[in-house]
Structure formats: C-alpha cells, structure tokens
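Shown here: entry_35.tsv, TSV, C-alpha atoms.
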```tsv
chain	number	residue	atom	x	y	z
J	1	MET	CA	70.78	163.60	167.43
J	2	ARG	CA	68.12	166.26	167.78
J	3	LEU	CA	68.53	169.22	165.47
J	4	ILE	CA	66.30	172.20	164.77
J	5	ILE	CA	66.34	172.45	161.01
J	6	ASN	CA	64.56	175.39	159.40
J	7	GLY	CA	62.62	175.83	162.60
J	8	GLU	CA	61.46	172.23	162.86
J	9	THR	CA	62.84	169.67	165.31
J	10	ARG	CA	64.32	166.66	163.54
J	11	GLU	CA	65.86	163.46	164.90
J	12	LEU	CA	68.78	162.30	162.75
J	13	GLU	CA	71.05	159.36	163.53
J	14	GLY	CA	74.68	158.81	162.60
J	15	ILE	CA	75.33	162.48	161.91
J	16	GLU	CA	78.69	164.06	162.63
J	17	SER	CA	79.11	166.85	160.10
J	18	ILE	CA	77.05	169.23	158.01
J	19	LYS	CA	77.76	167.05	155.01
J	20	ASP	CA	76.34	164.03	156.87
J	21	MET	CA	73.25	166.01	157.78
J	22	LEU	CA	72.64	167.22	154.23
J	23	ASP	CA	73.19	163.73	152.86
J	24	SER	CA	70.75	162.34	155.39
J	25	LEU	CA	68.16	164.90	154.34
J	26	GLY	CA	68.81	164.22	150.67
J	27	VAL	CA	69.91	167.82	150.06
J	28	ASP	CA	72.51	168.51	147.37
J	29	HIS	CA	75.18	170.41	149.28
J	30	GLN	CA	76.31	172.17	146.12
J	31	THR	CA	73.05	174.15	146.01
J	32	VAL	CA	72.61	175.46	149.54
J	33	ALA	CA	73.90	177.86	152.14
J	34	VAL	CA	73.95	176.56	155.71
J	35	MET	CA	73.89	178.47	158.96
J	36	VAL	CA	74.59	176.77	162.29
J	37	ASN	CA	73.35	178.75	165.29
J	38	GLY	CA	73.43	181.88	163.10
J	39	GLU	CA	76.96	181.33	161.79
J	40	ILE	CA	77.35	180.91	158.04
J	41	ILE	CA	79.40	177.84	157.19
J	42	GLY	CA	81.29	177.92	153.90
J	43	ARG	CA	80.65	175.03	151.55
J	44	ALA	CA	84.30	174.04	151.80
J	45	ASP	CA	83.75	173.41	155.52
J	46	PHE	CA	80.67	171.22	155.24
J	47	VAL	CA	82.77	168.08	155.67
J	48	SER	CA	84.79	169.28	158.64
J	49	ARG	CA	82.19	171.33	160.52
J	50	PRO	CA	80.62	169.18	163.23
J	51	VAL	CA	77.00	169.48	164.25
J	52	GLN	CA	75.91	168.96	167.83
J	53	ASP	CA	72.75	168.02	169.62
J	54	HIS	CA	70.22	170.88	169.63
J	55	ASP	CA	72.05	172.97	167.04
J	56	ALA	CA	69.73	175.35	165.22
J	57	ILE	CA	70.38	174.96	161.53
J	58	GLU	CA	69.05	176.95	158.61
J	59	ILE	CA	69.38	175.60	155.10
J	60	VAL	CA	68.78	178.10	152.31
J	61	ARG	CA	68.75	176.90	148.74
J	62	PHE	CA	70.24	179.30	146.20
J	63	VAL	CA	67.47	180.37	143.85
J	64	GLY	CA	69.03	181.69	140.69
J	65	GLY	CA	66.33	182.23	138.10
J	66	GLY	CA	65.28	185.66	137.05
G	67	MET	CA	45.28	213.63	131.14
G	68	VAL	CA	48.18	215.02	133.12
G	69	ILE	CA	48.73	213.37	136.50
G	70	THR	CA	50.88	215.37	138.90
G	71	ASP	CA	53.48	213.79	141.15
G	72	LYS	CA	51.37	214.80	144.12
G	73	GLU	CA	48.33	212.99	142.77
G	74	ARG	CA	50.34	209.89	141.89
G	75	VAL	CA	51.69	209.52	145.42
G	76	ARG	CA	48.59	210.65	147.30
G	77	ARG	CA	47.99	207.20	148.82
G	78	LEU	CA	51.69	206.71	149.48
G	79	ILE	CA	51.92	209.89	151.50
G	80	SER	CA	48.85	208.86	153.45
G	81	LEU	CA	51.06	206.30	155.19
G	82	PRO	CA	51.50	207.18	158.89
G	83	GLU	CA	55.25	207.79	158.67
G	84	ALA	CA	55.18	209.58	155.33
G	85	LYS	CA	57.05	212.85	154.94
G	86	PRO	CA	55.98	215.73	152.70
G	87	HIS	CA	59.12	215.40	150.57
G	88	TRP	CA	58.62	211.73	149.69
G	89	ALA	CA	57.28	212.57	146.23
G	90	GLN	CA	60.43	214.57	145.52
G	91	LEU	CA	62.63	211.78	146.83
G	92	LEU	CA	61.03	209.34	144.42
G	93	ARG	CA	61.08	211.79	141.53
G	94	GLY	CA	64.82	212.33	142.12
G	95	GLY	CA	65.54	208.60	142.52
G	96	LYS	CA	67.74	206.82	139.99
G	97	VAL	CA	67.42	203.05	139.81
G	98	ALA	CA	69.12	200.57	137.50
G	99	ILE	CA	67.40	197.26	136.81
G	100	VAL	CA	69.76	194.63	135.50
G	101	GLY	CA	67.83	191.93	133.68
G	102	MET	CA	64.31	192.44	132.36
G	103	GLY	CA	62.88	188.96	132.87
G	104	GLY	CA	60.18	188.03	135.36
G	105	LEU	CA	61.88	189.91	138.19
G	106	GLY	CA	62.72	193.04	136.23
G	107	ASN	CA	59.29	193.27	134.64
G	108	ALA	CA	57.54	193.24	138.00
G	109	SER	CA	59.95	195.50	139.87
G	110	SER	CA	60.09	198.13	137.13
G	111	LEU	CA	56.30	198.19	136.87
G	112	TYR	CA	55.83	199.15	140.51
G	113	LEU	CA	58.78	201.52	140.58
G	114	ALA	CA	57.46	203.44	137.58
G	115	ALA	CA	53.89	203.44	138.89
G	116	GLN	CA	54.96	204.65	142.32
G	117	GLY	CA	56.77	207.63	140.83
G	118	VAL	CA	60.48	206.82	140.68
G	119	GLY	CA	61.86	209.43	138.33
G	120	HIS	CA	64.62	207.61	136.53
G	121	LEU	CA	64.85	203.94	135.61
G	122	THR	CA	67.61	202.40	133.54
G	123	LEU	CA	66.75	199.02	132.06
G	124	ILE	CA	69.65	196.72	131.13
G	125	ASP	CA	69.17	193.48	129.19
G	126	PRO	CA	70.65	192.12	125.96
G	127	ASP	CA	67.76	189.82	125.02
G	128	GLU	CA	64.73	189.95	122.79
G	129	VAL	CA	61.24	188.99	123.88
G	130	ALA	CA	60.41	185.31	123.30
G	131	ALA	CA	56.95	183.77	123.25
G	132	HIS	CA	57.72	181.68	126.35
G	133	ASN	CA	58.38	184.89	128.30
G	134	LEU	CA	54.78	186.05	128.10
G	135	GLY	CA	53.47	183.92	130.97
G	136	ARG	CA	55.42	185.82	133.58
G	137	GLN	CA	56.97	188.88	131.94
G	138	ILE	CA	53.90	191.04	132.18
G	139	LEU	CA	55.10	194.16	130.39
G	140	PHE	CA	55.13	192.32	127.06
G	141	GLY	CA	52.42	191.33	124.63
G	142	PRO	CA	52.46	188.96	121.66
G	143	ALA	CA	53.40	191.76	119.25
G	144	ASP	CA	56.62	192.30	121.23
G	145	VAL	CA	58.08	188.89	120.39
G	146	GLY	CA	61.40	189.49	118.67
G	147	ARG	CA	61.75	193.06	119.96
G	148	PRO	CA	64.47	194.03	122.43
G	149	LYS	CA	63.11	193.48	125.92
G	150	VAL	CA	64.29	196.85	127.16
G	151	GLU	CA	62.39	198.65	124.38
G	152	ALA	CA	59.18	196.72	124.97
G	153	CYS	CA	59.48	197.41	128.70
G	154	ARG	CA	60.08	201.08	128.12
G	155	ARG	CA	56.94	201.34	125.98
G	156	THR	CA	54.72	199.89	128.72
G	157	LEU	CA	56.41	201.76	131.57
G	158	GLN	CA	56.16	205.03	129.70
G	159	PHE	CA	52.44	204.38	129.22
G	160	ILE	CA	52.09	203.94	132.99
G	161	ALA	CA	54.42	206.78	133.95
G	162	PRO	CA	54.76	209.27	131.07
G	163	ASP	CA	56.96	211.66	133.05
G	164	ALA	CA	59.52	209.08	134.15
G	165	VAL	CA	62.87	208.98	132.42
G	166	ILE	CA	63.24	205.42	131.13
G	167	GLU	CA	66.73	204.74	129.79
G	168	THR	CA	67.51	201.50	127.97
G	169	LYS	CA	70.74	199.61	127.46
G	170	THR	CA	70.66	196.53	125.25
G	171	MET	CA	73.76	195.12	126.91
G	172	THR	CA	75.09	192.27	129.02
G	173	VAL	CA	76.79	193.15	132.31
G	174	THR	CA	80.35	191.87	132.15
G	175	ARG	CA	83.51	192.15	134.19
G	176	ASP	CA	84.78	194.70	131.65
G	177	ASN	CA	81.79	197.02	131.71
G	178	TYR	CA	80.05	196.66	135.07
G	179	GLU	CA	81.79	199.62	136.70
G	180	MET	CA	80.67	201.85	133.86
G	181	LEU	CA	77.17	200.39	133.52
G	182	LEU	CA	76.28	200.48	137.21
G	183	SER	CA	77.69	203.89	138.17
G	184	GLY	CA	75.44	206.76	139.13
G	185	TYR	CA	72.42	205.03	140.65
G	186	ASP	CA	70.87	205.21	144.10
G	187	VAL	CA	69.83	201.57	144.03
G	188	ILE	CA	70.49	198.60	141.73
G	189	VAL	CA	67.94	195.83	141.19
G	190	ASP	CA	69.06	192.31	140.37
G	191	GLY	CA	66.86	190.81	137.69
G	192	LEU	CA	69.55	188.43	136.53
G	193	ASP	CA	69.43	184.71	135.92
G	194	ASN	CA	73.09	183.80	136.44
G	195	TRP	CA	75.66	183.62	139.22
G	196	ASP	CA	78.57	185.32	137.48
G	197	ALA	CA	76.76	188.60	136.83
G	198	ARG	CA	75.32	188.62	140.34
G	199	VAL	CA	78.88	188.42	141.65
G	200	LEU	CA	79.62	191.64	139.76
G	201	LEU	CA	76.62	193.41	141.30
G	202	ASN	CA	77.77	192.21	144.72
G	203	LEU	CA	81.29	193.53	144.14
G	204	PHE	CA	79.94	196.85	142.93
G	205	SER	CA	77.85	197.20	146.07
G	206	ILE	CA	80.85	196.45	148.28
G	207	HIS	CA	83.22	198.77	146.46
G	208	HIS	CA	80.84	201.71	146.01
G	209	HIS	CA	78.44	201.31	148.94
G	210	VAL	CA	75.44	201.22	146.64
G	211	PRO	CA	72.54	199.03	147.76
G	212	VAL	CA	71.67	196.08	145.53
G	213	VAL	CA	68.30	194.37	145.93
G	214	PHE	CA	68.90	190.73	144.99
G	215	ALA	CA	66.26	188.17	144.15
G	216	GLY	CA	65.81	184.84	142.46
G	217	ALA	CA	62.80	182.84	141.31
G	218	ILE	CA	62.60	179.34	139.92
G	219	GLY	CA	60.00	176.61	140.11
G	220	TYR	CA	57.74	177.54	143.00
G	221	GLU	CA	60.53	179.22	144.99
G	222	ALA	CA	61.62	182.79	145.41
G	223	GLN	CA	64.12	184.64	147.58
G	224	ILE	CA	64.92	188.28	148.17
G	225	TYR	CA	67.71	189.98	150.12
G	226	VAL	CA	69.51	193.32	150.15
G	227	VAL	CA	73.25	193.90	150.15
G	228	ASN	CA	73.80	197.43	151.29
G	229	GLY	CA	77.38	198.27	150.61
G	230	GLY	CA	79.08	195.21	152.00
G	231	LYS	CA	79.12	193.02	155.05
G	232	PRO	CA	77.31	190.77	154.97
G	233	CYS	CA	77.32	190.38	151.21
G	234	MET	CA	75.86	187.90	148.75
G	235	GLN	CA	79.00	185.80	148.85
G	236	CYS	CA	79.04	185.71	152.64
G	237	LEU	CA	75.83	183.80	152.24
G	238	PHE	CA	76.38	181.79	149.10
G	239	GLY	CA	80.16	181.44	149.01
G	240	GLU	CA	82.79	181.67	146.32
G	241	GLU	CA	82.36	178.49	144.36
G	242	GLY	CA	79.35	179.65	142.39
G	243	TYR	CA	76.21	177.82	141.43
G	244	GLU	CA	75.11	176.27	138.22
G	245	ASP	CA	72.69	178.51	136.36
G	246	GLN	CA	69.10	177.45	136.90
G	247	ASP	CA	67.30	177.42	133.60
G	248	CYS	CA	63.58	178.17	133.66
G	249	ALA	CA	63.31	176.06	130.50
G	250	LEU	CA	64.47	173.01	132.43
G	251	MET	CA	63.09	173.70	135.89
G	252	GLY	CA	59.97	175.69	135.07
G	253	VAL	CA	58.70	178.68	136.97
G	254	LEU	CA	55.27	179.68	138.19
G	255	GLY	CA	54.74	183.16	136.75
G	256	PRO	CA	53.33	184.89	139.82
G	257	VAL	CA	56.21	183.62	141.95
G	258	ALA	CA	58.66	185.62	139.83
G	259	GLY	CA	56.25	188.53	139.91
G	260	MET	CA	55.98	188.40	143.68
G	261	ALA	CA	59.76	188.41	144.07
G	262	GLY	CA	60.08	191.39	141.71
G	263	THR	CA	57.31	193.19	143.54
G	264	VAL	CA	59.07	192.70	146.88
G	265	GLN	CA	62.23	194.02	145.24
G	266	ALA	CA	60.34	197.18	144.26
G	267	GLN	CA	59.07	197.46	147.83
G	268	GLU	CA	62.65	197.31	149.18
G	269	VAL	CA	63.89	199.84	146.62
G	270	LEU	CA	61.16	202.27	147.66
G	271	LYS	CA	62.02	201.83	151.35
G	272	ILE	CA	65.66	202.55	150.56
G	273	LEU	CA	64.86	205.63	148.48
G	274	LEU	CA	62.49	206.93	151.15
G	275	ASN	CA	64.71	205.87	154.05
G	276	THR	CA	61.82	204.24	155.82
G	277	GLY	CA	61.11	200.89	157.40
G	278	GLU	CA	63.46	197.99	157.97
G	279	VAL	CA	65.27	196.98	154.81
G	280	LEU	CA	65.71	193.26	154.13
G	281	GLN	CA	69.39	193.52	154.93
G	282	GLU	CA	71.36	190.87	156.84
G	283	ARG	CA	68.31	188.71	156.23
G	284	ILE	CA	67.03	186.64	153.37
G	285	TRP	CA	63.38	186.05	152.73
G	286	THR	CA	62.60	182.74	151.11
G	287	TYR	CA	59.22	181.65	149.85
G	288	ASP	CA	58.02	178.26	148.71
G	289	ALA	CA	54.71	178.73	146.93
G	290	TYR	CA	54.17	174.99	146.57
G	291	ARG	CA	54.00	174.47	150.32
G	292	ASN	CA	53.04	178.06	151.14
G	293	VAL	CA	55.96	178.39	153.51
G	294	SER	CA	58.02	181.52	153.95
G	295	ARG	CA	61.02	182.14	156.18
G	296	VAL	CA	63.18	185.11	157.05
G	297	VAL	CA	66.68	183.87	157.87
G	298	ARG	CA	69.25	186.15	159.44
G	299	PHE	CA	72.83	185.91	158.29
G	300	THR	CA	76.02	187.53	159.46
G	301	PRO	CA	79.29	188.39	157.69
G	302	ARG	CA	81.50	185.39	156.99
G	303	PRO	CA	85.07	186.28	158.04
G	304	GLN	CA	86.57	184.18	155.23
G	305	CYS	CA	84.42	185.80	152.54
G	306	SER	CA	86.67	186.65	149.61
G	307	ALA	CA	84.38	189.45	148.48
G	308	CYS	CA	83.90	191.48	151.66
G	309	GLY	CA	85.50	189.40	154.43
G	310	GLY	CA	88.68	189.57	156.47
G	311	ASN	CA	90.95	190.37	153.55
G	312	PHE	CA	88.72	192.96	151.99
G	313	GLU	CA	90.04	196.50	151.78
G	314	TYR	CA	87.53	199.16	150.92
G	315	GLY	CA	88.10	200.64	147.49
G	316	ARG	CA	90.47	197.95	146.29
```
Mind turning the file's structure into structure tokens?
Amino acid sequence: MRLIINGETRELEGIESIKDMLDSLGVDHQTVAVMVNGEIIGRADFVSRPVQDHDAIEIVRFVGGG
Amino acid sequence: MVITDKERVRRLISLPEAKPHWAQLLRGGKVAIVGMGGLGNASSLYLAAQGVGHLTLIDPDEVAAHNLGRQILFGPADVGRPKVEACRRTLQFIAPDAVIETKTMTVTRDNYEMLLSGYDVIVDGLDNWDARVLLNLFSIHHHVPVVFAGAIGYEAQIYVVNGGKPCMQCLFGEEGYEDQDCALMGVLGPVAGMAGTVQAQEVLKILLNTGEVLQERIWTYDAYRNVSRVVRFTPRPQCSACGGNFEYGR
C-alpha cells in the first residue's frame, strides 16, 4: 500500500488500520496524534480506522517538556 | 537612562503593517506565563523586551543547577531561589517599566479559574499533561487564547488554541500522555528557547492583531534532522473538551 506519511511517499505491506501502520513504522501509538486526509483520528479508533491506498497521513508526536 | 515606549518599539513600528497605536497595545497587554522553565524563560524575555506592559509569572519551583543550560534568565547565584523571583529580577532589568507579577504556585483544578482570569493571552510553559488540560479548558470556556508549546530532546512544537475548536484535546485526545522528563530524555537548550521565542512571537501577533496566528495548525521542529512541518488540524467531533457535547460556558 502506498501512503503519504508526513509528506513522504512510503510503501507499506500488510497494513489495514492506523494501528498496523504505526506498528509497521515502529511508532508508539500512545505518544502520537494521527490525521488521515486532514481528519484527526482519536487514539481509541486507531485499531478500527482503516487506511487506504494513497491516504495522506500526518503523525505528530506529543512533545510535553517545558 | 530612561527608555520611552516609543523608543523601545521603534523597530517594531517600522514593520510595513505597523499601526501608530501598537506601542499602546503592547503597553496595555496582560499576559500570564504558566511555567518558568525553558519555554517560559525565553517567551517572557522577548515579551518584556518588546514592551508588553504586564506579565504574570506562575511557577512553584526553585532554580536548580541543571536548569542553567537552557533557562537563560538565571545565573548560578539564583540556584535555590524561587524561579519566578529570579525571572522577575532579570526581566525588570530589561524592562524597568513593565509590571512583573509573580505567583509561586502550581496550577490546579481548584485554582486555575482564579489564577488564569484577567489576561489577554496565556502562555503554556508547562511540563505536564494535566495542567495543560486546564489551560485548554480555560481557553474554551473563556475564549482566551493560549499559546501552547513543548520541547524535549531535539524536538519542539507550538500551536495556539484560541477559545475553542479545534482545541488541544481535539489534537491529542482525552487519554493523556505520560510526562516527559528532561532528566530522562534530555533537551537541547536552544530548542526550548526557540519554542519559547516562537510563543512570544505568537503572543505579540495576538496582542497586535496582526499576521496569521498559528491556530488550527501545529508547527513541529526536529532539530536533529533539521526538519520542520506545519500540520493543519480540524475540530474532532468527539472531543470531550470542545466537541459535539460541549456547551459554551458549562
């Protein structure tokens, strides 16, 4: 599947959901916000929200230090 | 030597879109800075220097030696002093006419309404999720802009919540995040300073009603890779803070 992740085209295989995508990228899904085609996806929906070929995905890590 | 407001802002009001009353707008501005760590040090420095008339500094902590690498208002002699007092000393040196109020307090669910009332803009200099949630709620309930930021490691991010949708919890959800401890994760001093400086920039734009505020967008910066992004975000209908079930003033 071809996804545009943070502006870069990536080819990922065996991906059905946001959770799959984050796992494939090695990203801890407890630390990030995810937008699919501009829509914010709640963390509770990472498992159920499908991703599709050519989706534009932004992953933003929460940065908490002050 | 006495420096007049007009002299202090001379280069500011040389900007093409500047208005003659900008100096007065800044002089009349009231800004609360919650947390006087790396973010709060940098933001307060530029806000005082640029001529903001009233700053309230809120932080319960004392200066520690390991703060000195990035908290640039402090010197070695300040170790052990309340951060807000050490900050006030330096800011007052830079801007003698500014009113610098200090509150050696922690923002809590019991006091945040009282502590945050009466300001034109609130600056997030915090290092924890729970207190940021309170700033977010205050912005939603009272339509006061909050300039959020975070800095850890080589990364920084800045975004503005301006009275609600979309809010911080639209973006980052309800579940919260574990606090990120600079002692464990480290932080490159100038990265925190850059984030605080951009916060000051956004505060000034809000006070002066100029430019495009970093609202509905988050700016992220990775100093390690020298990559920055501006990511747009929209309200999340299920957001428990400002979303579908939110009623203004509740």
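Remark: residues at most 7 Å from position (66.8, 187.8, 146.6) in file coordinates are G:Val213, G:Phe214, G:Ala215, G:Gly216, G:Gln223, G:Ile224, G:Tyr225, G:Ile284, using only C-alpha atoms.
Among the candidates J:Ala44, J:Val51, J:Val27, J:Ala33, the one nearest to Glu13 (chain J) when counting only C-alpha atoms is J:Val51.
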Protein and nucleic acid residues near (63.3, 197.5, 140.0) (cut-off 8 Å, only C-alpha atoms) as a ChimeraX atom specification: /G:97-99,105-113,121,188-191,262,265-266,269
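Atom pair CA of Asn177 (chain G) / CA of Leu273 (chain G): separated by 25.3 Å.
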Quick one: which chain J residues come within 8 Å of chain G, and what is the nearest atom pair for each with the distance in Å to one decimal, counting all atoms listed in the file, rows ordered by chain and ascending number, as a Markdown table?
```
| residue | atom | partner | partner_atom | distance |
| --- | --- | --- | --- | --- |
| J:Gln30 | CA | G:Tyr243 | CA | 7.3 |
| J:Thr31 | CA | G:Tyr243 | CA | 6.7 |
| J:Val32 | CA | G:Phe238 | CA | 7.4 |
| J:Ala33 | CA | G:Phe238 | CA | 5.6 |
| J:Met35 | CA | G:Phe299 | CA | 7.5 |
| J:Gly38 | CA | G:Phe299 | CA | 6.3 |
| J:Glu39 | CA | G:Thr300 | CA | 6.7 |
| J:Ile40 | CA | G:Arg302 | CA | 6.2 |
| J:Ile41 | CA | G:Arg302 | CA | 7.8 |
| J:Gly42 | CA | G:Gly239 | CA | 6.1 |
| J:Arg43 | CA | G:Gly239 | CA | 6.9 |
| J:Glu58 | CA | G:Val297 | CA | 7.4 |
| J:Val60 | CA | G:Thr286 | CA | 7.8 |
| J:Phe62 | CA | G:Phe238 | CA | 7.2 |
| J:Val63 | CA | G:Gly216 | CA | 5.0 |
| J:Gly64 | CA | G:Gly216 | CA | 4.8 |
| J:Gly65 | CA | G:Asp193 | CA | 4.5 |
| J:Gly66 | CA | G:Asp193 | CA | 4.4 |
```
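A straight line drawn from CA of Arg49 (chain J) to CA of Ser24 (chain J) is 15.4 Å long.
You can rank G:Thr263, G:Ser294, G:Gln116, G:Ser205 by their closest distance to Asp163 (chain G) using all atoms listed in the file, and at the top of that list sits G:Gln116.
Residue nearest Asn37 (chain J), chosen from J:Ile57, J:Ile5, J:Ile18, J:Gln52 and counting only C-alpha atoms: J:Ile57.
Pairwise distance (CA of Arg283 (chain G), CA of Asp55 (chain J)) equals 19.5 Å.
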Neighbours of Lys19 (chain J) within 10 Å (all atoms listed in the file; same-chain residues fewer than 3 positions away dropped), as a ChimeraX atom specification? /J:15-16,22-25,27-29,43,45-51
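Taking all atoms listed in the file into account, Arg155 (chain G) lies nearest to G:Leu139 out of the set G:Met180, G:Val187, G:Leu139, G:Val293.
Using all atoms listed in the file, the shortest contact distance between Val36 (chain J) and any of J:Met1, J:Asn6, J:Asp20, J:Gly14 is found at J:Asn6.
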As JSON, please report the centre and edge lengths, rounded to one decimal in Å, of the axis-aligned box that holds all listed atoms of region 159-177 of chain G with 5 Å of padding on each of the six sides.
```
{"center_x": 68.4, "center_y": 201.8, "center_z": 129.7, "size_x": 42.7, "size_y": 29.8, "size_z": 18.9}
```
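Residues surrounding Glu268 (chain G) within 7 Å are G:Val264, G:Ile272, G:Val279 [all atoms listed in the file; sequence separation below 4 positions excluded].
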Surrounding residues of Asn133 (chain G) excluding itself and chain neighbours under 5 positions, 10 Å, only C-alpha atoms, as an mmCIF file with C-alpha atoms, keeping the file's coordinate frame:
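Result file is out28.cif:
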```
data_model
loop_
_atom_site.group_PDB
_atom_site.id
_atom_site.type_symbol
_atom_site.label_atom_id
_atom_site.label_comp_id
_atom_site.auth_asym_id
_atom_site.auth_seq_id
_atom_site.Cartn_x
_atom_site.Cartn_y
_atom_site.Cartn_z
ATOM 1 C CA GLY G 103 62.880 188.960 132.870
ATOM 2 C CA GLY G 104 60.180 188.030 135.360
ATOM 3 C CA GLU G 128 64.730 189.950 122.790
ATOM 4 C CA ILE G 138 53.900 191.040 132.180
ATOM 5 C CA PHE G 140 55.130 192.320 127.060
ATOM 6 C CA GLY G 141 52.420 191.330 124.630
ATOM 7 C CA PRO G 142 52.460 188.960 121.660
ATOM 8 C CA VAL G 145 58.080 188.890 120.390
ATOM 9 C CA GLY G 255 54.740 183.160 136.750
#
```
